[in-house]
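Below: the structure, in structure tokens.
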Amino acid sequence: MDLKRKANELRKDVLELVYRAGAGHIGGDLSVMDILTVLYFHEANISPENQTSPDRDRILLSKGHCADALYTVLADKGFFSKQELKETFSKYCSKYMGHPDNAVAGVETCAGSLGHGLSVGAGMALAGKRDNRNYRVYVVLGDGEMAEGSNFEAMMFASHYSLDNLCAVVDLNGLQISGSTDEVMRSASLKEKFYAFGWNVIEVTNGNEIEELIKAFAQAREYHGKPSVLLAHTVKGKGVSFMENNIKWHHGVLNEEQFETALAEREGV
């Protein structure tokens with residue numbers, strides 16, 4: 001499978017989803033899309049066919065405001081109908097709301113109240129160890145979310161129990177709802193912090209580059225004795241020129257002209 005092309009197609013799908021609904025966290029959706037594409041279509045053992053198996057891998061989107069990206073990937077993977085998602089996303093009484101709910105097929109845990117995903121993932125990883133299961137647990141976090149203290153408790157817990165079946169991925173796009181992460185709560189020292197808590201740290205210089213992500217996940221899988229974290233440096237709004245590194249698009253709504261321009265850029269790739 002051409003994962004770069006797949007990620008590009010999924011970016012177009014999420015643009016349409018957010019535009020039609022008039023709601024969504026489009027900037028983060030676009031920055032995290034390559035990470036989700038590699039996880040669901042290359043790295044993790046998870047599919048509609050094994051979604052209830054105790055041996056499936058677990059993927060948790062802790063940065064739950066990017067549910068739009070997650071739903072788009074899950075629909076493309078076949079967990080539920082693309083048409084149902086398009087018609088009901090963010091509508092009254094829809095299960096496809098702005099933050100993930102585990103009532104949706106393929107969603108492992110509810111998310112949106114930031115800072116909980118790593119704790120839940122660490123618990124799942126420990127359960128796997130104690131049950132002698134071979135599954136892996138992947139937790140995708142935002143860099144703004146890393147200001148939450150619960151993450152550091154989970155980091156200490158995961159290291160103490162040597163959870164090498166746990167892999168965290170931090171989507172380091174440098175922006176959050178109220179400004180840059182450097183202004184709000186500096187995340188530049190995350191590498192040292194994870195090291196200090198006893199993690200295997202892998203820096204991904206370009207977290208929007210498929211091949212770099214594949215290599216980094218392979219390194220994490222091969223490492224034993226410690227949990228691993230990928231610090232993936234990404235671009236907020238990746239793939240749409242007027243959105244890239246623009247704080248406005250943390251939760252921006254496209255008008256018709258912007259939508260057509262964004263779609264045209266993706267068609268040209």
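Following the order of the structure tokens, first chain is A, next is B, and so on, with residues numbered from 1 inside each chain and ligands from 1 in the order they appear.
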**Request:** Apply DSSP to the structure's backbone, then extract all residues of range 81-263 of chain A labelled strand (DSSP E) and return them as a list in words.
**Result:** Val137, Tyr138, Val139, Val140, Leu141, Gly142, Leu166, Cys167, Ala168, Val169, Val170, Asp171, Leu172, Leu175, Gln176, Gly179, Ser180, Asn200, Val201, Ile202, Glu203, Val204, Ser228, Val229, Leu230, Leu231, Ala232 and His233 of chain A
Alpha helix (DSSP H) per DSSP on the backbone: members of range 118-191 of chain A, as a PDB file with N, CA, C and O atoms, in the first residue's frame:
```
ATOM      1  N   LEU A 118      -2.721   8.302  28.382  1.00  0.00           N
ATOM      2  CA  LEU A 118      -1.514   7.551  28.701  1.00  0.00           C
ATOM      3  C   LEU A 118      -1.724   6.679  29.937  1.00  0.00           C
ATOM      4  O   LEU A 118      -1.208   5.559  29.997  1.00  0.00           O
ATOM      5  N   SER A 119      -2.499   7.173  30.882  1.00  0.00           N
ATOM      6  CA  SER A 119      -2.801   6.362  32.068  1.00  0.00           C
ATOM      7  C   SER A 119      -3.621   5.131  31.691  1.00  0.00           C
ATOM      8  O   SER A 119      -3.345   4.014  32.150  1.00  0.00           O
ATOM      9  N   VAL A 120      -4.631   5.321  30.848  1.00  0.00           N
ATOM     10  CA  VAL A 120      -5.455   4.204  30.400  1.00  0.00           C
ATOM     11  C   VAL A 120      -4.606   3.209  29.607  1.00  0.00           C
ATOM     12  O   VAL A 120      -4.682   1.993  29.801  1.00  0.00           O
ATOM     13  N   GLY A 121      -3.771   3.732  28.717  1.00  0.00           N
ATOM     14  CA  GLY A 121      -2.916   2.870  27.911  1.00  0.00           C
ATOM     15  C   GLY A 121      -1.928   2.084  28.748  1.00  0.00           C
ATOM     16  O   GLY A 121      -1.666   0.903  28.481  1.00  0.00           O
ATOM     17  N   ALA A 122      -1.376   2.709  29.782  1.00  0.00           N
ATOM     18  CA  ALA A 122      -0.443   2.010  30.667  1.00  0.00           C
ATOM     19  C   ALA A 122      -1.148   0.876  31.401  1.00  0.00           C
ATOM     20  O   ALA A 122      -0.582  -0.219  31.570  1.00  0.00           O
ATOM     21  N   GLY A 123      -2.386   1.123  31.809  1.00  0.00           N
ATOM     22  CA  GLY A 123      -3.162   0.059  32.456  1.00  0.00           C
ATOM     23  C   GLY A 123      -3.425  -1.101  31.517  1.00  0.00           C
ATOM     24  O   GLY A 123      -3.311  -2.274  31.907  1.00  0.00           O
ATOM     25  N   MET A 124      -3.758  -0.796  30.272  1.00  0.00           N
ATOM     26  CA  MET A 124      -3.973  -1.849  29.278  1.00  0.00           C
ATOM     27  C   MET A 124      -2.698  -2.644  29.033  1.00  0.00           C
ATOM     28  O   MET A 124      -2.725  -3.871  28.891  1.00  0.00           O
ATOM     29  N   ALA A 125      -1.572  -1.932  28.984  1.00  0.00           N
ATOM     30  CA  ALA A 125      -0.296  -2.606  28.744  1.00  0.00           C
ATOM     31  C   ALA A 125       0.067  -3.527  29.906  1.00  0.00           C
ATOM     32  O   ALA A 125       0.541  -4.655  29.702  1.00  0.00           O
ATOM     33  N   LEU A 126      -0.159  -3.067  31.129  1.00  0.00           N
ATOM     34  CA  LEU A 126       0.127  -3.910  32.292  1.00  0.00           C
ATOM     35  C   LEU A 126      -0.779  -5.144  32.300  1.00  0.00           C
ATOM     36  O   LEU A 126      -0.324  -6.260  32.597  1.00  0.00           O
ATOM     37  N   ALA A 127      -2.057  -4.949  31.954  1.00  0.00           N
ATOM     38  CA  ALA A 127      -2.978  -6.083  31.878  1.00  0.00           C
ATOM     39  C   ALA A 127      -2.494  -7.103  30.857  1.00  0.00           C
ATOM     40  O   ALA A 127      -2.569  -8.320  31.085  1.00  0.00           O
ATOM     41  N   GLY A 128      -1.983  -6.619  29.721  1.00  0.00           N
ATOM     42  CA  GLY A 128      -1.458  -7.517  28.704  1.00  0.00           C
ATOM     43  C   GLY A 128      -0.284  -8.336  29.220  1.00  0.00           C
ATOM     44  O   GLY A 128      -0.173  -9.542  28.948  1.00  0.00           O
ATOM     45  N   LYS A 129       0.595  -7.680  29.952  1.00  0.00           N
ATOM     46  CA  LYS A 129       1.737  -8.383  30.540  1.00  0.00           C
ATOM     47  C   LYS A 129       1.258  -9.469  31.502  1.00  0.00           C
ATOM     48  O   LYS A 129       1.730 -10.619  31.464  1.00  0.00           O
ATOM     49  N   ARG A 130       0.348  -9.119  32.386  1.00  0.00           N
ATOM     50  CA  ARG A 130      -0.091 -10.060  33.419  1.00  0.00           C
ATOM     51  C   ARG A 130      -0.926 -11.200  32.848  1.00  0.00           C
ATOM     52  O   ARG A 130      -0.965 -12.292  33.425  1.00  0.00           O
ATOM     53  N   SER A 150      -1.150  14.301  35.019  1.00  0.00           N
ATOM     54  CA  SER A 150      -1.461  12.869  35.010  1.00  0.00           C
ATOM     55  C   SER A 150      -0.556  12.098  34.053  1.00  0.00           C
ATOM     56  O   SER A 150      -0.274  10.916  34.261  1.00  0.00           O
ATOM     57  N   ASN A 151      -0.080  12.772  32.998  1.00  0.00           N
ATOM     58  CA  ASN A 151       0.843  12.111  32.078  1.00  0.00           C
ATOM     59  C   ASN A 151       2.126  11.683  32.785  1.00  0.00           C
ATOM     60  O   ASN A 151       2.672  10.615  32.514  1.00  0.00           O
ATOM     61  N   PHE A 152       2.599  12.504  33.702  1.00  0.00           N
ATOM     62  CA  PHE A 152       3.869  12.203  34.361  1.00  0.00           C
ATOM     63  C   PHE A 152       3.712  11.067  35.374  1.00  0.00           C
ATOM     64  O   PHE A 152       4.634  10.283  35.581  1.00  0.00           O
ATOM     65  N   GLU A 153       2.559  10.960  35.982  1.00  0.00           N
ATOM     66  CA  GLU A 153       2.286   9.791  36.815  1.00  0.00           C
ATOM     67  C   GLU A 153       2.297   8.525  35.957  1.00  0.00           C
ATOM     68  O   GLU A 153       2.845   7.487  36.353  1.00  0.00           O
ATOM     69  N   ALA A 154       1.680   8.601  34.784  1.00  0.00           N
ATOM     70  CA  ALA A 154       1.636   7.445  33.882  1.00  0.00           C
ATOM     71  C   ALA A 154       3.025   7.101  33.368  1.00  0.00           C
ATOM     72  O   ALA A 154       3.374   5.918  33.218  1.00  0.00           O
ATOM     73  N   MET A 155       3.842   8.104  33.088  1.00  0.00           N
ATOM     74  CA  MET A 155       5.209   7.871  32.630  1.00  0.00           C
ATOM     75  C   MET A 155       6.010   7.116  33.692  1.00  0.00           C
ATOM     76  O   MET A 155       6.747   6.172  33.391  1.00  0.00           O
ATOM     77  N   MET A 156       5.843   7.520  34.949  1.00  0.00           N
ATOM     78  CA  MET A 156       6.549   6.862  36.048  1.00  0.00           C
ATOM     79  C   MET A 156       6.052   5.431  36.230  1.00  0.00           C
ATOM     80  O   MET A 156       6.837   4.498  36.404  1.00  0.00           O
ATOM     81  N   PHE A 157       4.748   5.240  36.154  1.00  0.00           N
ATOM     82  CA  PHE A 157       4.118   3.925  36.296  1.00  0.00           C
ATOM     83  C   PHE A 157       4.608   2.962  35.215  1.00  0.00           C
ATOM     84  O   PHE A 157       4.997   1.828  35.481  1.00  0.00           O
ATOM     85  N   ALA A 158       4.601   3.448  33.957  1.00  0.00           N
ATOM     86  CA  ALA A 158       4.968   2.596  32.825  1.00  0.00           C
ATOM     87  C   ALA A 158       6.418   2.159  32.903  1.00  0.00           C
ATOM     88  O   ALA A 158       6.766   1.015  32.570  1.00  0.00           O
ATOM     89  N   SER A 159       7.284   3.053  33.340  1.00  0.00           N
ATOM     90  CA  SER A 159       8.689   2.712  33.489  1.00  0.00           C
ATOM     91  C   SER A 159       8.901   1.721  34.633  1.00  0.00           C
ATOM     92  O   SER A 159       9.647   0.746  34.499  1.00  0.00           O
ATOM     93  N   HIS A 160       8.220   1.956  35.745  1.00  0.00           N
ATOM     94  CA  HIS A 160       8.368   1.081  36.921  1.00  0.00           C
ATOM     95  C   HIS A 160       8.008  -0.363  36.586  1.00  0.00           C
ATOM     96  O   HIS A 160       8.680  -1.298  37.044  1.00  0.00           O
ATOM     97  N   THR A 181       2.977  26.222  22.132  1.00  0.00           N
ATOM     98  CA  THR A 181       3.287  25.471  23.353  1.00  0.00           C
ATOM     99  C   THR A 181       4.436  26.122  24.112  1.00  0.00           C
ATOM    100  O   THR A 181       4.496  26.044  25.347  1.00  0.00           O
ATOM    101  N   ASP A 182       5.339  26.790  23.420  1.00  0.00           N
ATOM    102  CA  ASP A 182       6.426  27.489  24.103  1.00  0.00           C
ATOM    103  C   ASP A 182       5.895  28.620  24.983  1.00  0.00           C
ATOM    104  O   ASP A 182       6.438  28.888  26.057  1.00  0.00           O
ATOM    105  N   GLU A 183       4.833  29.269  24.531  1.00  0.00           N
ATOM    106  CA  GLU A 183       4.249  30.364  25.312  1.00  0.00           C
ATOM    107  C   GLU A 183       3.376  29.848  26.449  1.00  0.00           C
ATOM    108  O   GLU A 183       3.406  30.380  27.562  1.00  0.00           O
ATOM    109  N   VAL A 184       2.601  28.822  26.183  1.00  0.00           N
ATOM    110  CA  VAL A 184       1.618  28.340  27.158  1.00  0.00           C
ATOM    111  C   VAL A 184       2.272  27.445  28.215  1.00  0.00           C
ATOM    112  O   VAL A 184       2.068  27.621  29.424  1.00  0.00           O
ATOM    113  N   LEU A 190      10.746  17.806  26.642  1.00  0.00           N
ATOM    114  CA  LEU A 190      10.064  16.513  26.746  1.00  0.00           C
ATOM    115  C   LEU A 190      11.037  15.347  26.608  1.00  0.00           C
ATOM    116  O   LEU A 190      10.888  14.323  27.281  1.00  0.00           O
ATOM    117  N   LYS A 191      12.021  15.491  25.744  1.00  0.00           N
ATOM    118  CA  LYS A 191      12.995  14.429  25.560  1.00  0.00           C
ATOM    119  C   LYS A 191      13.677  14.091  26.883  1.00  0.00           C
ATOM    120  O   LYS A 191      13.756  12.923  27.296  1.00  0.00           O
TER     121      LYS A 191
END
```
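The smallest atom-to-atom distance between His99 in chain A and any of A:Asp68, A:Glu265, A:Asp131, A:Glu84, using only C-alpha atoms, is found for A:Asp68.
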**Message:** One decimal, in Å: what's the spacing between CA of Ala232 in chain A and CA of Glu49 in chain A?
**Reply:**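 Rounded to one decimal, the two atoms are 29.6 Å apart.
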**Request:** Quote the spacing between CA of Gly149 in chain A and CA of Leu114 in chain A in Å to one decimal place.
**Result:** 10.3 Å
**Asked** What is the CA of Tyr71 in chain A-CA of Gly24 in chain A distance in Å, reported with one decimal?
**Response**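 Going from CA of Tyr71 in chain A over to CA of Gly24 in chain A covers 11.7 Å.
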**Which of A:Asp171, A:Asp2, A:Glu16, A:Glu257 sits closest to Val204 in chain A [using only C-alpha atoms]** = A:Asp171
**Asked** If we count only C-alpha atoms, what is near Asn165 in chain A at a cut-off of 9 Å, once residues fewer than 4 positions away on the same chain are taken out, given as a PyMOL selection string?
**Response** chain A and resi 125-126+128-129+134-138+221+224+226-228
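Of the residues listed (A:Gly144, A:Gly207, A:Gly106, A:Pro48), A:Gly144 shows the shortest atom-to-atom separation from His65 in chain A; distances use only C-alpha atoms.
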**Prompt:** Which of these residues is nearest to Glu244 in chain A, using only C-alpha atoms: A:Ile202, A:Cys110, A:Ala262, A:Cys93?
**Reply:** A:Ala262
